[in-house]
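Undergrad: Take this structure, written in structure tokens, and hold onto it; I'll ask about it next.
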Amino acid sequence: MKLKNLTELDLRENNLEGQLPWRLSDLTGLKVFDISSNQLSGNLPSVIANLTSLEYLVLSDNNFQGEFPLSLLTNHSNLEVLRLLKVSNNLRFKTENWIPTFQLKVLQLPNCSLKVIPSFLLHQYNLKFLDLSSNKLVGNFPTWLMQNNTNLEVLRLSNNSFSGILQLPKVKHDFLRHLDISNNNLIGTLPQNMGTVLQKLMLIDISKNNFEGNIPYSIGEMKELFLLDLSRNKFSGDLSATSVNGCASLEYLDVSENNFYGHIFPTYMNLTQLRGLYLKNNHFTGKIKAGLLNSHGLVVLDISNNLLSGHIPCWIGNFSYLDVLLMSKNHLEGNIPVQINNFRQLEILYLSENRLFGSIASFLNLSSIMHLYLQKNALSGQIPSTLLRSTELLTLDLRDNKFFGRIPHQINKHSELRVLLLRGNYLQGEIPIALCQLQKLRILDLSHNKLNGSIPSCFANVLFWREGNGDLYGSGLDIYFQFGGLRSIGTYYNSTLDLWLSRDDYATLHQRAQVQFVTKNRYEFYNGSSLNYMSGMDLSYNELTGEIPSEIGELPK
């Protein structure tokens, strides 16, 4: 090999196979070596050990096997960046005691089946980016990692088994921007000085632990914080009394599945940047106050499964950028306000399991709605034909209300409707043959009504039922919202190449459609990818007559 003066070699994402050629070890001047996202296999040591000039090494997403002792890098005194993501299950890391000659800036070892924190980290003091997530690490929270590395900007320890309380460094940590310790076994209250010690944090994810108590008032000192995820813990207290209002940059707040109580932001909040607010599964009570009106850019609002009462406020229509509005499982009552028509881009609307009544004809000018859930209320009147003329609607759930009259027969032949649930109403008349134009219909529930006449034989021509396969929702199954973006590795290492870290300061809001349907005499919820395996038709408990069309009996099971 005649490339001894080569200093940077980027071979990522090339579908390379086989083993690394041993002649690579002749590239003694190599500083940057990235072979990530290929299909390389075999052992690593003999090649990597000789490349002692390396400063930047990425081996992620390959099929390497055997043992990889990290002490192999003992003589790599210039190494600054080491990234080993998505490694093969056949590659085993040895974390024996050794003292490195290098000082890393970036270390990524997620999903490496590590049972202990590598001991060489005791001798690292210049780390800026550390990712040990999704391993098998146990013991107390490693506060020493923050104490030793005062320039640390990103710390990811999620999906491990750390236990005990969260202890922070005794001195202010001015550089930490991203802290993710979600999905561990941490307990106790958050340090009261958290917002003072970690004042520069932009992202905090401590979800899926066993924290309890109140949110520290000092959190309000985090003026740059844009994401705060406290969900799935045991926090309690009156959320309106917290100092979250001081977090002027906050875009995403998730306190769902805790024990918070009291009113939802009864006074005006200064969260003008807020885009995603998740408050579901708590104990909030009382009427919905106008404290959020300054958050005019809200994209997602989830206040479902609480104890909220009163009417849906008319000012809800001021959030014209909402994509997702979830208010189900409360004690809301009255009519659905016509101001809901102000939503320009609403895709998911959950108002189910409340005490709403009246007609829905006046608020259905929502051209963008994809999933509409109004079940288990006391809504009445006729079903508006505009619903079945929509070209965007995928799910329509009007079960267990007081709708009457006939099922609309004005149906758009270009309809995308996949799920139509009208169970438990007072619908009458014949099943309209026009329903057969819903060629993408997969789940139909007309049971527990007063329908009469015969079953249309043309149901056998509905494409999804006839073929018996295909995704139920396709791209419409999940909706994603992203905050923040990618960060260049150039922040940590200078190179002539275009090098990127994985996403760090971001959040993906994941919304899943769900369907409740009877199968094998059981009323079950189905959501996510499991819906792709569901299809069915329930016409039971009506006044239908005549024979069951033989064509329906020939549909795939």
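Identifiers in the structure tokens: chain A, B, ... in order shown; residue index from 1 per chain; ligand index from 1 in order shown.
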Could you pull out the residues in segment 93-223 of chain A that DSSP calls alpha helix (DSSP H) from the backbone, as a PyMOL selection string?

TA: chain A and resi 143-148+194-197

Undergrad: Would you save the residues from that selection as a short mmCIF file (atom, residue, chain, number, x, y, z; two decimals), in the first residue's frame, using N, CA and C atoms?

TA:
```cif
data_model
loop_
_atom_site.label_atom_id
_atom_site.label_comp_id
_atom_site.auth_asym_id
_atom_site.auth_seq_id
_atom_site.Cartn_x
_atom_site.Cartn_y
_atom_site.Cartn_z
N THR A 143 -21.62 10.36 39.59
CA THR A 143 -21.38 11.80 39.67
C THR A 143 -19.95 12.16 39.30
N TRP A 144 -19.03 11.25 39.56
CA TRP A 144 -17.61 11.52 39.31
C TRP A 144 -17.32 11.80 37.85
N LEU A 145 -18.15 11.29 36.95
CA LEU A 145 -17.94 11.58 35.53
C LEU A 145 -18.10 13.07 35.25
N MET A 146 -19.03 13.70 35.94
CA MET A 146 -19.24 15.13 35.77
C MET A 146 -18.19 15.93 36.53
N GLN A 147 -17.80 15.43 37.69
CA GLN A 147 -16.80 16.14 38.48
C GLN A 147 -15.44 16.14 37.78
N ASN A 148 -15.09 15.02 37.16
CA ASN A 148 -13.78 14.90 36.51
C ASN A 148 -13.72 15.65 35.18
N MET A 194 -30.57 21.97 41.52
CA MET A 194 -30.32 21.43 40.19
C MET A 194 -30.24 22.53 39.14
N GLY A 195 -31.18 23.48 39.19
CA GLY A 195 -31.20 24.55 38.21
C GLY A 195 -30.05 25.52 38.36
N THR A 196 -29.42 25.55 39.52
CA THR A 196 -28.28 26.42 39.75
C THR A 196 -26.99 25.76 39.30
N VAL A 197 -26.82 24.48 39.66
CA VAL A 197 -25.60 23.75 39.31
C VAL A 197 -25.54 23.48 37.82
#
```

Undergrad: Quick one: residues within 10 Å of Ile431 of chain A, only C-alpha atoms counted, chain neighbours fewer than 3 positions away excluded, as number ranges by chain?

TA: A: 406-409, 427-428, 434-435, 446, 451-456, 539, 544

Undergrad: Take the selection from the previous step and output its residues with N, CA, C and O atoms, as a compact mmCIF listing (two decimals), in the first residue's frame.

TA:
```
# COMPACT_ATOMS: atom_id res chain seq x y z
N ARG A 406 -79.82 7.78 9.47
CA ARG A 406 -79.17 6.83 8.58
C ARG A 406 -77.66 7.09 8.48
O ARG A 406 -77.20 8.22 8.71
N ILE A 407 -76.93 6.06 8.12
CA ILE A 407 -75.51 6.22 7.82
C ILE A 407 -75.40 6.98 6.50
O ILE A 407 -76.06 6.63 5.51
N PRO A 408 -74.61 8.03 6.45
CA PRO A 408 -74.52 8.83 5.22
C PRO A 408 -74.13 7.97 4.02
O PRO A 408 -73.30 7.07 4.12
N HIS A 409 -74.76 8.24 2.89
CA HIS A 409 -74.44 7.49 1.68
C HIS A 409 -73.65 8.33 0.68
O HIS A 409 -73.22 7.83 -0.37
N LEU A 427 -78.54 4.26 15.12
CA LEU A 427 -78.61 4.35 13.66
C LEU A 427 -79.63 3.35 13.14
O LEU A 427 -79.76 2.23 13.66
N GLN A 428 -80.32 3.75 12.08
CA GLN A 428 -81.36 2.90 11.52
C GLN A 428 -81.32 2.95 10.00
O GLN A 428 -80.50 3.65 9.41
N ALA A 434 -73.13 2.36 -0.69
CA ALA A 434 -72.02 3.29 -0.96
C ALA A 434 -70.81 3.02 -0.08
O ALA A 434 -69.69 3.41 -0.42
N LEU A 435 -71.00 2.34 1.07
CA LEU A 435 -69.85 2.02 1.92
C LEU A 435 -68.82 1.15 1.19
O LEU A 435 -67.64 1.15 1.54
N LEU A 446 -70.43 -1.73 12.96
CA LEU A 446 -71.76 -1.13 12.93
C LEU A 446 -72.67 -1.81 13.95
O LEU A 446 -73.90 -1.64 13.91
N LEU A 451 -80.01 -1.08 12.62
CA LEU A 451 -79.94 -1.21 11.17
C LEU A 451 -80.80 -2.39 10.70
O LEU A 451 -80.87 -3.42 11.38
N ASN A 452 -81.40 -2.25 9.52
CA ASN A 452 -82.24 -3.32 8.99
C ASN A 452 -81.87 -3.59 7.54
O ASN A 452 -80.95 -3.00 6.99
N GLY A 453 -82.64 -4.47 6.94
CA GLY A 453 -82.35 -4.84 5.55
C GLY A 453 -81.27 -5.90 5.48
O GLY A 453 -80.93 -6.56 6.47
N SER A 454 -80.73 -6.06 4.29
CA SER A 454 -79.74 -7.14 4.07
C SER A 454 -78.32 -6.59 4.11
O SER A 454 -78.08 -5.38 4.06
N ILE A 455 -77.40 -7.53 4.21
CA ILE A 455 -75.97 -7.17 4.21
C ILE A 455 -75.52 -7.01 2.75
O ILE A 455 -75.71 -7.93 1.94
N PRO A 456 -74.95 -5.88 2.39
CA PRO A 456 -74.53 -5.68 0.99
C PRO A 456 -73.45 -6.70 0.59
O PRO A 456 -72.43 -6.83 1.27
N LEU A 539 -71.24 -6.64 12.52
CA LEU A 539 -72.60 -6.17 12.23
C LEU A 539 -73.60 -6.71 13.25
O LEU A 539 -74.82 -6.64 13.04
N LEU A 544 -80.87 -6.86 11.06
CA LEU A 544 -80.61 -7.27 9.68
C LEU A 544 -81.37 -8.55 9.36
O LEU A 544 -81.59 -9.41 10.23
```

Undergrad: Env of Ile336 of chain A: 9 Å cut, atoms = only C-alpha atoms, seq-sep filter 5 positions within chain, self excluded. Answer as a PyMOL selection string.

TA: chain A and resi 311-312+314+356-360+362-363

Undergrad: Have a look at atom CA of Ser53 of chain A and atom CA of Leu3 of chain A and let me know their distance in Å, one decimal.

TA: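 Going from atom CA of Ser53 of chain A over to atom CA of Leu3 of chain A covers 14.4 Å.
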
Undergrad: Which residues are close to Asp174 of chain A, i.e. within 7 Å by only C-alpha atoms, leaving aside same-chain residues fewer than 6 positions away? Reply as an mmCIF file with N, CA, C and O atoms, in the first residue's frame.

TA:
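That gives us part-v6.cif:
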```cif
data_model
loop_
_atom_site.group_PDB
_atom_site.id
_atom_site.type_symbol
_atom_site.label_atom_id
_atom_site.label_comp_id
_atom_site.auth_asym_id
_atom_site.auth_seq_id
_atom_site.Cartn_x
_atom_site.Cartn_y
_atom_site.Cartn_z
ATOM 1 N N LEU A 198 -26.682 23.167 37.212
ATOM 2 C CA LEU A 198 -26.731 22.819 35.783
ATOM 3 C C LEU A 198 -27.515 23.878 35.016
ATOM 4 O O LEU A 198 -28.394 23.571 34.212
ATOM 5 N N GLN A 199 -27.174 25.111 35.226
ATOM 6 C CA GLN A 199 -27.962 26.225 34.716
ATOM 7 C C GLN A 199 -27.997 26.319 33.206
ATOM 8 O O GLN A 199 -28.940 26.859 32.627
ATOM 9 N N LYS A 200 -27.008 25.766 32.509
ATOM 10 C CA LYS A 200 -26.915 25.898 31.057
ATOM 11 C C LYS A 200 -27.566 24.742 30.295
ATOM 12 O O LYS A 200 -27.482 24.684 29.060
#
```

Undergrad: Quick one: residues within 6 Å of segment 54-61 of chain A, only C-alpha atoms, excluding same-chain residues fewer than 3 positions away - as a count of residues only?

TA: 19

Undergrad: Out of segment 165-226 of chain A, which residues get strand (DSSP E) from DSSP, as a ChimeraX atom specification?

TA: /A:165,178-180,185-188,203-205,210-213

Undergrad: I want to know what sits within 9 Å of Tyr261 of chain A, based on only C-alpha atoms, with residues of the same chain fewer than 3 positions away left out; could you give that as a ChimeraX atom specification?

TA: /A:236-239,264,282-285

Undergrad: Export, as a JSON list (two decimals), in the first residue's frame, the selected residues with all heavy atoms.

TA:
```json
[["chain", "number", "residue", "atom", "x", "y", "z"],
["A", 236, "SER", "N", -45.02, 14.77, 42.34],
["A", 236, "SER", "CA", -46.33, 15.23, 42.81],
["A", 236, "SER", "C", -46.27, 16.74, 43.04],
["A", 236, "SER", "O", -45.26, 17.38, 42.78],
["A", 236, "SER", "CB", -46.73, 14.50, 44.09],
["A", 236, "SER", "OG", -45.75, 14.71, 45.11],
["A", 237, "GLY", "N", -47.36, 17.28, 43.55],
["A", 237, "GLY", "CA", -47.41, 18.71, 43.81],
["A", 237, "GLY", "C", -48.27, 19.44, 42.81],
["A", 237, "GLY", "O", -48.80, 18.87, 41.86],
["A", 238, "ASP", "N", -48.40, 20.73, 43.05],
["A", 238, "ASP", "CA", -49.19, 21.61, 42.18],
["A", 238, "ASP", "C", -48.29, 22.17, 41.09],
["A", 238, "ASP", "O", -47.40, 22.97, 41.37],
["A", 238, "ASP", "CB", -49.78, 22.73, 43.03],
["A", 238, "ASP", "CG", -50.77, 23.59, 42.24],
["A", 238, "ASP", "OD1", -50.77, 23.51, 41.00],
["A", 238, "ASP", "OD2", -51.54, 24.33, 42.87],
["A", 239, "LEU", "N", -48.51, 21.72, 39.86],
["A", 239, "LEU", "CA", -47.62, 22.14, 38.76],
["A", 239, "LEU", "C", -47.66, 23.64, 38.55],
["A", 239, "LEU", "O", -46.66, 24.25, 38.16],
["A", 239, "LEU", "CB", -48.02, 21.40, 37.48],
["A", 239, "LEU", "CG", -47.06, 21.55, 36.29],
["A", 239, "LEU", "CD1", -45.70, 20.95, 36.60],
["A", 239, "LEU", "CD2", -47.65, 20.89, 35.05],
["A", 264, "ILE", "N", -54.57, 23.29, 35.84],
["A", 264, "ILE", "CA", -53.56, 23.35, 34.78],
["A", 264, "ILE", "C", -53.28, 24.81, 34.47],
["A", 264, "ILE", "O", -54.10, 25.50, 33.86],
["A", 264, "ILE", "CB", -54.05, 22.62, 33.51],
["A", 264, "ILE", "CG1", -54.15, 21.12, 33.78],
["A", 264, "ILE", "CG2", -53.10, 22.87, 32.35],
["A", 264, "ILE", "CD1", -54.64, 20.31, 32.60],
["A", 282, "ASN", "N", -52.39, 12.25, 35.09],
["A", 282, "ASN", "CA", -52.10, 12.85, 36.38],
["A", 282, "ASN", "C", -53.42, 13.02, 37.13],
["A", 282, "ASN", "O", -54.39, 12.30, 36.86],
["A", 282, "ASN", "CB", -51.37, 14.19, 36.20],
["A", 282, "ASN", "CG", -49.89, 14.00, 35.93],
["A", 282, "ASN", "OD1", -49.12, 13.73, 36.84],
["A", 282, "ASN", "ND2", -49.49, 14.15, 34.67],
["A", 283, "HIS", "N", -53.47, 13.97, 38.08],
["A", 283, "HIS", "CA", -54.69, 14.17, 38.86],
["A", 283, "HIS", "C", -55.13, 15.64, 38.80],
["A", 283, "HIS", "O", -55.63, 16.19, 39.79],
["A", 283, "HIS", "CB", -54.44, 13.76, 40.32],
["A", 283, "HIS", "CG", -53.92, 12.37, 40.48],
["A", 283, "HIS", "ND1", -54.65, 11.25, 40.15],
["A", 283, "HIS", "CD2", -52.72, 11.90, 40.90],
["A", 283, "HIS", "CE1", -53.94, 10.16, 40.38],
["A", 283, "HIS", "NE2", -52.75, 10.53, 40.83],
["A", 284, "PHE", "N", -54.95, 16.26, 37.65],
["A", 284, "PHE", "CA", -55.37, 17.65, 37.49],
["A", 284, "PHE", "C", -56.89, 17.74, 37.56],
["A", 284, "PHE", "O", -57.61, 16.90, 37.03],
["A", 284, "PHE", "CB", -54.86, 18.20, 36.16],
["A", 284, "PHE", "CG", -53.37, 18.31, 36.09],
["A", 284, "PHE", "CD1", -52.65, 17.53, 35.19],
["A", 284, "PHE", "CD2", -52.68, 19.18, 36.91],
["A", 284, "PHE", "CE1", -51.27, 17.63, 35.12],
["A", 284, "PHE", "CE2", -51.30, 19.29, 36.85],
["A", 284, "PHE", "CZ", -50.58, 18.50, 35.95],
["A", 285, "THR", "N", -57.36, 18.81, 38.19],
["A", 285, "THR", "CA", -58.80, 18.98, 38.39],
["A", 285, "THR", "C", -59.24, 20.38, 37.97],
["A", 285, "THR", "O", -58.42, 21.23, 37.61],
["A", 285, "THR", "CB", -59.16, 18.78, 39.88],
["A", 285, "THR", "OG1", -58.39, 19.70, 40.67],
["A", 285, "THR", "CG2", -58.87, 17.37, 40.33]]
```

Undergrad: Point out the residue among A:Met269, A:Leu72, A:Cys436, A:Leu274 with the least atom-to-atom distance to Lys289 of chain A, counting only C-alpha atoms.

TA: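 Looking at the shortest contact to Lys289 of chain A, the residue is A:Met269.
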
Undergrad: What's the separation between atom CA of Gly381 of chain A and atom CA of Ser320 of chain A, in Å to one decimal place?

TA: 27.1 Å
